[in-house]
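This is coords.csv (CSV, C-alpha atoms).
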```csv
chain,number,residue,atom,x,y,z
A,1,MET,CA,-11.2,4.6,3.2
A,2,LEU,CA,-10.5,7.9,4.9
A,3,LEU,CA,-8.9,10.4,2.6
A,4,PHE,CA,-7.6,13.8,3.7
A,5,LYS,CA,-6.1,16.8,1.9
A,6,LYS,CA,-2.5,17.8,2.8
A,7,PRO,CA,-3.5,20.7,5.0
A,8,PHE,CA,-5.0,18.3,7.5
A,9,TRP,CA,-2.1,15.8,7.7
A,10,GLU,CA,-0.2,17.5,10.5
A,11,GLY,CA,-3.3,18.0,12.7
A,12,LEU,CA,-4.2,14.3,12.3
A,13,THR,CA,-0.7,13.2,13.2
A,14,THR,CA,-0.4,15.5,16.3
A,15,GLY,CA,-3.9,14.7,17.5
A,16,ALA,CA,-5.3,18.3,17.0
A,17,ILE,CA,-7.9,16.9,14.5
A,18,THR,CA,-10.2,14.3,16.0
A,19,VAL,CA,-13.4,14.8,14.0
A,20,THR,CA,-14.3,14.8,10.4
A,21,PHE,CA,-17.6,15.2,8.6
A,22,ARG,CA,-18.4,13.3,5.4
A,23,ARG,CA,-21.1,13.6,2.7
A,24,TRP,CA,-21.4,9.8,2.1
A,25,GLN,CA,-24.5,8.1,1.0
A,26,LYS,CA,-23.6,5.2,3.3
A,27,PRO,CA,-20.8,4.8,5.9
A,28,HIS,CA,-17.4,3.9,4.5
A,29,VAL,CA,-15.9,3.1,8.0
A,30,ARG,CA,-17.0,1.5,11.2
A,31,ALA,CA,-16.4,2.3,14.9
A,32,GLY,CA,-13.3,0.4,16.1
A,33,GLY,CA,-11.9,0.1,12.6
A,34,ARG,CA,-8.3,1.0,11.7
A,35,TYR,CA,-7.7,2.6,8.3
A,36,ARG,CA,-4.4,3.4,6.6
A,37,CYS,CA,-4.3,7.1,5.6
A,38,HIS,CA,-1.5,7.8,3.1
A,39,PRO,CA,0.9,9.2,4.0
A,40,ILE,CA,0.4,9.8,7.7
A,41,GLY,CA,-0.1,6.3,8.9
A,42,VAL,CA,-3.1,4.7,10.6
A,43,LEU,CA,-6.4,6.3,11.8
A,44,GLU,CA,-8.6,4.6,14.3
A,45,VAL,CA,-12.4,5.4,14.2
A,46,ASP,CA,-13.9,5.9,17.7
A,47,ALA,CA,-17.5,6.6,16.7
A,48,ILE,CA,-19.6,7.3,13.7
A,49,ALA,CA,-23.1,8.8,13.5
A,50,ARG,CA,-25.5,10.3,11.0
A,51,VAL,CA,-26.3,13.9,11.9
A,52,PRO,CA,-28.0,17.0,10.4
A,53,ALA,CA,-25.8,19.8,9.2
A,54,SER,CA,-27.5,22.1,11.8
A,55,SER,CA,-25.9,20.1,14.6
A,56,ILE,CA,-22.3,21.1,13.7
A,57,SER,CA,-20.9,23.3,16.4
A,58,GLY,CA,-18.0,25.6,16.7
A,59,ALA,CA,-16.2,23.0,18.8
A,60,ASP,CA,-16.8,20.5,16.1
A,61,ALA,CA,-15.2,22.8,13.6
A,62,ALA,CA,-12.1,23.3,15.8
A,63,ARG,CA,-11.8,19.5,16.2
A,64,ALA,CA,-12.1,19.1,12.4
A,65,GLY,CA,-9.2,21.5,11.8
A,66,PHE,CA,-11.2,24.6,10.8
A,67,ALA,CA,-11.1,28.2,12.2
A,68,SER,CA,-14.9,28.5,12.5
A,69,ARG,CA,-18.1,26.7,11.9
A,70,ASP,CA,-18.7,28.8,8.8
A,71,ALA,CA,-15.4,27.7,7.4
A,72,LEU,CA,-16.3,24.0,7.9
A,73,VAL,CA,-19.8,24.5,6.4
A,74,ALA,CA,-18.4,26.3,3.4
A,75,TYR,CA,-15.9,23.4,2.9
A,76,LEU,CA,-18.6,20.8,3.0
A,77,ALA,CA,-20.8,22.9,0.6
A,78,GLU,CA,-18.1,22.6,-2.1
A,79,LEU,CA,-19.7,19.2,-2.8
A,80,GLY,CA,-23.1,20.7,-3.3
A,81,PRO,CA,-25.8,22.8,-1.6
A,82,LEU,CA,-25.8,22.3,2.2
A,83,GLU,CA,-28.9,23.0,4.2
A,84,ASP,CA,-29.6,22.6,7.9
A,85,ALA,CA,-31.5,19.4,7.3
A,86,THR,CA,-28.7,17.9,5.0
A,87,GLU,CA,-27.5,14.7,6.7
A,88,LEU,CA,-23.8,14.1,7.2
A,89,TRP,CA,-21.7,11.4,8.7
A,90,ARG,CA,-19.8,12.6,11.8
A,91,VAL,CA,-16.7,10.5,12.4
A,92,GLU,CA,-14.7,10.7,15.6
A,93,LEU,CA,-11.1,9.4,15.2
A,94,HIS,CA,-7.6,9.5,16.4
A,95,HIS,CA,-4.1,8.8,15.0
A,96,GLY,CA,-3.2,5.2,15.6
A,97,GLY,CA,0.5,5.2,14.8
A,98,ASP,CA,2.6,5.1,11.7
A,99,GLY,CA,1.6,1.5,10.7
A,100,ASP,CA,4.1,0.3,8.2
A,101,ARG,CA,4.8,3.7,6.7
A,102,VAL,CA,8.4,4.3,5.7
A,103,GLU,CA,9.5,7.9,5.8
A,104,LEU,CA,12.2,7.6,3.1
A,105,ALA,CA,9.5,6.3,0.6
A,106,LEU,CA,8.6,9.9,-0.1
A,107,GLU,CA,12.1,10.9,-1.2
A,108,ALA,CA,11.8,11.7,-4.9
A,109,GLU,CA,15.5,12.4,-5.5
A,110,LEU,CA,18.4,10.0,-5.1
A,111,THR,CA,22.2,10.5,-5.3
A,112,CYS,CA,24.4,8.2,-7.3
A,113,ALA,CA,25.6,6.7,-4.0
A,114,GLU,CA,22.0,6.0,-2.8
A,115,VAL,CA,21.2,4.4,-6.1
A,116,ALA,CA,24.2,2.2,-5.8
A,117,VAL,CA,23.3,1.2,-2.2
A,118,ILE,CA,19.8,0.2,-3.3
A,119,ARG,CA,21.1,-1.7,-6.4
A,120,ASP,CA,23.4,-3.7,-4.1
A,121,LYS,CA,20.7,-4.5,-1.6
A,122,LEU,CA,18.3,-5.7,-4.4
A,123,ALA,CA,21.1,-7.8,-5.9
A,124,ARG,CA,21.5,-9.6,-2.6
A,125,MET,CA,17.7,-10.1,-2.4
A,126,ASP,CA,17.9,-11.6,-5.9
A,127,ARG,CA,20.5,-14.1,-5.0
A,128,ASP,CA,18.1,-17.1,-4.9
A,129,GLY,CA,16.3,-15.9,-8.0
A,130,ALA,CA,15.7,-12.6,-9.7
A,131,TRP,CA,12.3,-11.1,-8.6
A,132,THR,CA,12.8,-7.6,-7.3
A,133,ARG,CA,12.8,-5.8,-10.7
A,134,ARG,CA,9.9,-7.9,-11.9
A,135,THR,CA,7.8,-7.2,-8.8
A,136,LEU,CA,8.5,-3.5,-8.9
A,137,GLY,CA,7.5,-3.4,-12.6
A,138,LEU,CA,4.3,-5.3,-11.9
A,139,ILE,CA,3.3,-2.9,-9.2
A,140,ALA,CA,4.1,0.1,-11.3
A,141,LYS,CA,2.0,-1.3,-14.1
A,142,HIS,CA,-0.9,-2.3,-11.8
A,143,PRO,CA,-1.1,0.2,-8.9
A,144,ARG,CA,-3.7,-0.4,-6.1
A,145,ILE,CA,-4.6,-3.8,-7.4
A,146,ALA,CA,-5.3,-6.5,-4.8
A,147,ALA,CA,-2.2,-8.5,-3.8
A,148,SER,CA,-4.0,-11.8,-4.7
A,149,LYS,CA,-4.4,-10.7,-8.3
A,150,LEU,CA,-0.8,-9.5,-8.5
A,151,ALA,CA,0.5,-12.7,-7.0
A,152,GLY,CA,-1.4,-14.7,-9.6
A,153,LYS,CA,0.3,-12.8,-12.4
A,154,LEU,CA,3.6,-14.0,-11.0
A,155,GLY,CA,2.4,-17.6,-10.4
A,156,LEU,CA,2.7,-17.1,-6.6
A,157,GLU,CA,0.5,-17.6,-3.6
A,158,THR,CA,-0.7,-14.3,-2.0
A,159,LEU,CA,1.3,-14.6,1.3
A,160,PRO,CA,4.7,-15.2,-0.2
A,161,PHE,CA,4.1,-12.3,-2.6
A,162,LYS,CA,3.1,-10.0,0.3
A,163,THR,CA,6.3,-11.0,2.1
A,164,SER,CA,8.4,-10.1,-0.9
A,165,VAL,CA,6.7,-6.7,-1.2
A,166,ARG,CA,7.3,-6.0,2.5
A,167,LYS,CA,11.0,-6.4,1.8
A,168,LEU,CA,10.8,-3.7,-1.0
A,169,LYS,CA,8.8,-1.5,1.3
A,170,ARG,CA,11.5,-1.6,4.0
A,171,LEU,CA,13.8,-0.1,1.4
A,172,GLY,CA,11.2,2.6,0.8
A,173,LEU,CA,10.5,1.5,-2.8
A,174,THR,CA,6.8,0.7,-2.4
A,175,GLN,CA,3.8,2.0,-0.5
A,176,SER,CA,0.8,0.0,0.7
A,177,PHE,CA,-2.8,1.1,0.5
A,178,GLU,CA,-6.1,-0.3,1.7
A,179,VAL,CA,-6.1,-2.2,-1.6
A,180,GLY,CA,-2.8,-3.0,-3.3
A,181,TYR,CA,0.4,-1.1,-3.6
A,182,GLU,CA,2.2,1.7,-5.5
A,183,VAL,CA,5.8,2.2,-6.4
A,184,SER,CA,6.8,5.1,-4.1
A,185,PRO,CA,8.5,8.3,-5.2
A,186,ARG,CA,11.8,6.8,-4.0
A,187,GLY,CA,11.0,3.7,-6.0
A,188,ARG,CA,10.3,5.6,-9.1
A,189,ALA,CA,13.4,7.6,-8.7
A,190,TYR,CA,15.4,4.4,-8.4
A,191,LEU,CA,13.8,2.8,-11.4
A,192,ALA,CA,14.5,5.9,-13.5
A,193,ALA,CA,18.1,6.0,-12.4
A,194,ALA,CA,18.7,2.2,-12.8
A,195,GLY,CA,17.1,2.3,-16.3
A,196,LYS,CA,19.7,4.8,-17.6
A,197,ARG,CA,22.4,3.1,-19.7
A,198,ARG,CA,25.9,3.8,-18.7
A,199,PRO,CA,27.9,5.5,-21.5
A,200,ARG,CA,30.4,3.2,-23.1
A,201,ALA,CA,34.0,4.0,-22.5
A,202,LYS,CA,35.8,5.3,-25.6
A,203,ALA,CA,38.1,2.8,-27.3
A,204,ARG,CA,41.7,3.7,-27.0
A,205,PRO,CA,43.6,4.0,-30.3
A,206,ARG,CA,45.9,1.0,-31.0
A,207,ARG,CA,49.6,1.6,-31.0
A,208,ARG,CA,51.3,0.7,-34.2
```
Encoded form using structure tokens:
Amino acid sequence: MLLFKKPFWEGLTTGAITVTFRRWQKPHVRAGGRYRCHPIGVLEVDAIARVPASSISGADAARAGFASRDALVAYLAELGPLEDATELWRVELHHGGDGDRVELALEAELTCAEVAVIRDKLARMDRDGAWTRRTLGLIAKHPRIAASKLAGKLGLETLPFKTSVRKLKRLGLTQSFEVGYEVSPRGRAYLAAAGKRRPRAKARPRRR
């Protein structure tokens, strides 16, 4: 997987960042591979090579999103001493689109009206059998667990399970990762709101 801190997200999305250096013991990606990078979408690897730290240039630093070579070297040194002979993995990449990212999944606050709309849509999806709340609960309890394992817990085949999760994803309630899923901020907000009990109406006094 390719993970990036938040300051790099915009540069990766706009194409300003096209190189990254990693202190891996072995390569975690391959040339030609497509990798989902939450939450910006998909990154495609163009080339990967093992290089000494001394080969890093000012141009490399700019392409990696740093103001100078020294800034990039200092960043890499946060993981341990970095000498000229220290070997790094140089990865060339580009943004490959949003993939199946859903923007509204990152919304952490919902209005009462939005909660009602989601509740109605889930109710329609549950028409042929209640499954939405159970699936959301399972993903919340077992984040980033392989779909095949989650499907087994529900007594389902993997493909039908993935199809169901995609329906929840379109509502912004779940997010997909290289392995498994998570309930999105929007999904957590919905579950919290839906879990609140409505106050009972006060009984009116009987007329004598």
Checklist entry - Which residues, protein or nucleic acid, reach to within 12 Å of (9.4, -8.9, -1.3) in the file's coordinates when using all atoms listed in the file, and can you give that as a PyMOL selection string? => result chain A and resi 122+125-126+129-136+139+147+151+156+158-174
C-alpha atoms of the current selection, written as a PDB file, keeping the file's coordinate frame:
```pdb
ATOM      1  CA  LEU A 122      18.300  -5.700  -4.400  1.00  0.00           C
ATOM      2  CA  MET A 125      17.700 -10.100  -2.400  1.00  0.00           C
ATOM      3  CA  ASP A 126      17.900 -11.600  -5.900  1.00  0.00           C
ATOM      4  CA  GLY A 129      16.300 -15.900  -8.000  1.00  0.00           C
ATOM      5  CA  ALA A 130      15.700 -12.600  -9.700  1.00  0.00           C
ATOM      6  CA  TRP A 131      12.300 -11.100  -8.600  1.00  0.00           C
ATOM      7  CA  THR A 132      12.800  -7.600  -7.300  1.00  0.00           C
ATOM      8  CA  ARG A 133      12.800  -5.800 -10.700  1.00  0.00           C
ATOM      9  CA  ARG A 134       9.900  -7.900 -11.900  1.00  0.00           C
ATOM     10  CA  THR A 135       7.800  -7.200  -8.800  1.00  0.00           C
ATOM     11  CA  LEU A 136       8.500  -3.500  -8.900  1.00  0.00           C
ATOM     12  CA  ILE A 139       3.300  -2.900  -9.200  1.00  0.00           C
ATOM     13  CA  ALA A 147      -2.200  -8.500  -3.800  1.00  0.00           C
ATOM     14  CA  ALA A 151       0.500 -12.700  -7.000  1.00  0.00           C
ATOM     15  CA  LEU A 156       2.700 -17.100  -6.600  1.00  0.00           C
ATOM     16  CA  THR A 158      -0.700 -14.300  -2.000  1.00  0.00           C
ATOM     17  CA  LEU A 159       1.300 -14.600   1.300  1.00  0.00           C
ATOM     18  CA  PRO A 160       4.700 -15.200  -0.200  1.00  0.00           C
ATOM     19  CA  PHE A 161       4.100 -12.300  -2.600  1.00  0.00           C
ATOM     20  CA  LYS A 162       3.100 -10.000   0.300  1.00  0.00           C
ATOM     21  CA  THR A 163       6.300 -11.000   2.100  1.00  0.00           C
ATOM     22  CA  SER A 164       8.400 -10.100  -0.900  1.00  0.00           C
ATOM     23  CA  VAL A 165       6.700  -6.700  -1.200  1.00  0.00           C
ATOM     24  CA  ARG A 166       7.300  -6.000   2.500  1.00  0.00           C
ATOM     25  CA  LYS A 167      11.000  -6.400   1.800  1.00  0.00           C
ATOM     26  CA  LEU A 168      10.800  -3.700  -1.000  1.00  0.00           C
ATOM     27  CA  LYS A 169       8.800  -1.500   1.300  1.00  0.00           C
ATOM     28  CA  ARG A 170      11.500  -1.600   4.000  1.00  0.00           C
ATOM     29  CA  LEU A 171      13.800  -0.100   1.400  1.00  0.00           C
ATOM     30  CA  GLY A 172      11.200   2.600   0.800  1.00  0.00           C
ATOM     31  CA  LEU A 173      10.500   1.500  -2.800  1.00  0.00           C
ATOM     32  CA  THR A 174       6.800   0.700  -2.400  1.00  0.00           C
TER      33      THR A 174
END
```
Checklist entry - Between A:Lys141, A:Lys153, A:Arg127, A:Arg63, which has the minimum distance to A:Gly15 (counting all atoms listed in the file)? => result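 Closest to A:Gly15 of all the choices is A:Arg63.
The space between atom CA of A:Ala16 and atom CA of A:Tyr181 spans 28.9 Å.
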Checklist entry - Which of these residues is nearest to A:Glu83, using only C-alpha atoms: A:Ala62, A:Leu12, A:Ala53, A:Ala108? => result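 Among the listed residues, the smallest separation from A:Glu83 belongs to A:Ala53.
Between atom CA of A:Ile40 and atom CA of A:Glu78 the separation is 24.5 Å.
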Checklist entry - With only C-alpha atoms as the atoms that count, which of A:Lys121, A:His38, A:Lys26, A:Lys149 lies nearest to A:Lys5? => result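 Of A:Lys121, A:His38, A:Lys26, A:Lys149, the one nearest A:Lys5, counting only C-alpha atoms, is A:His38.
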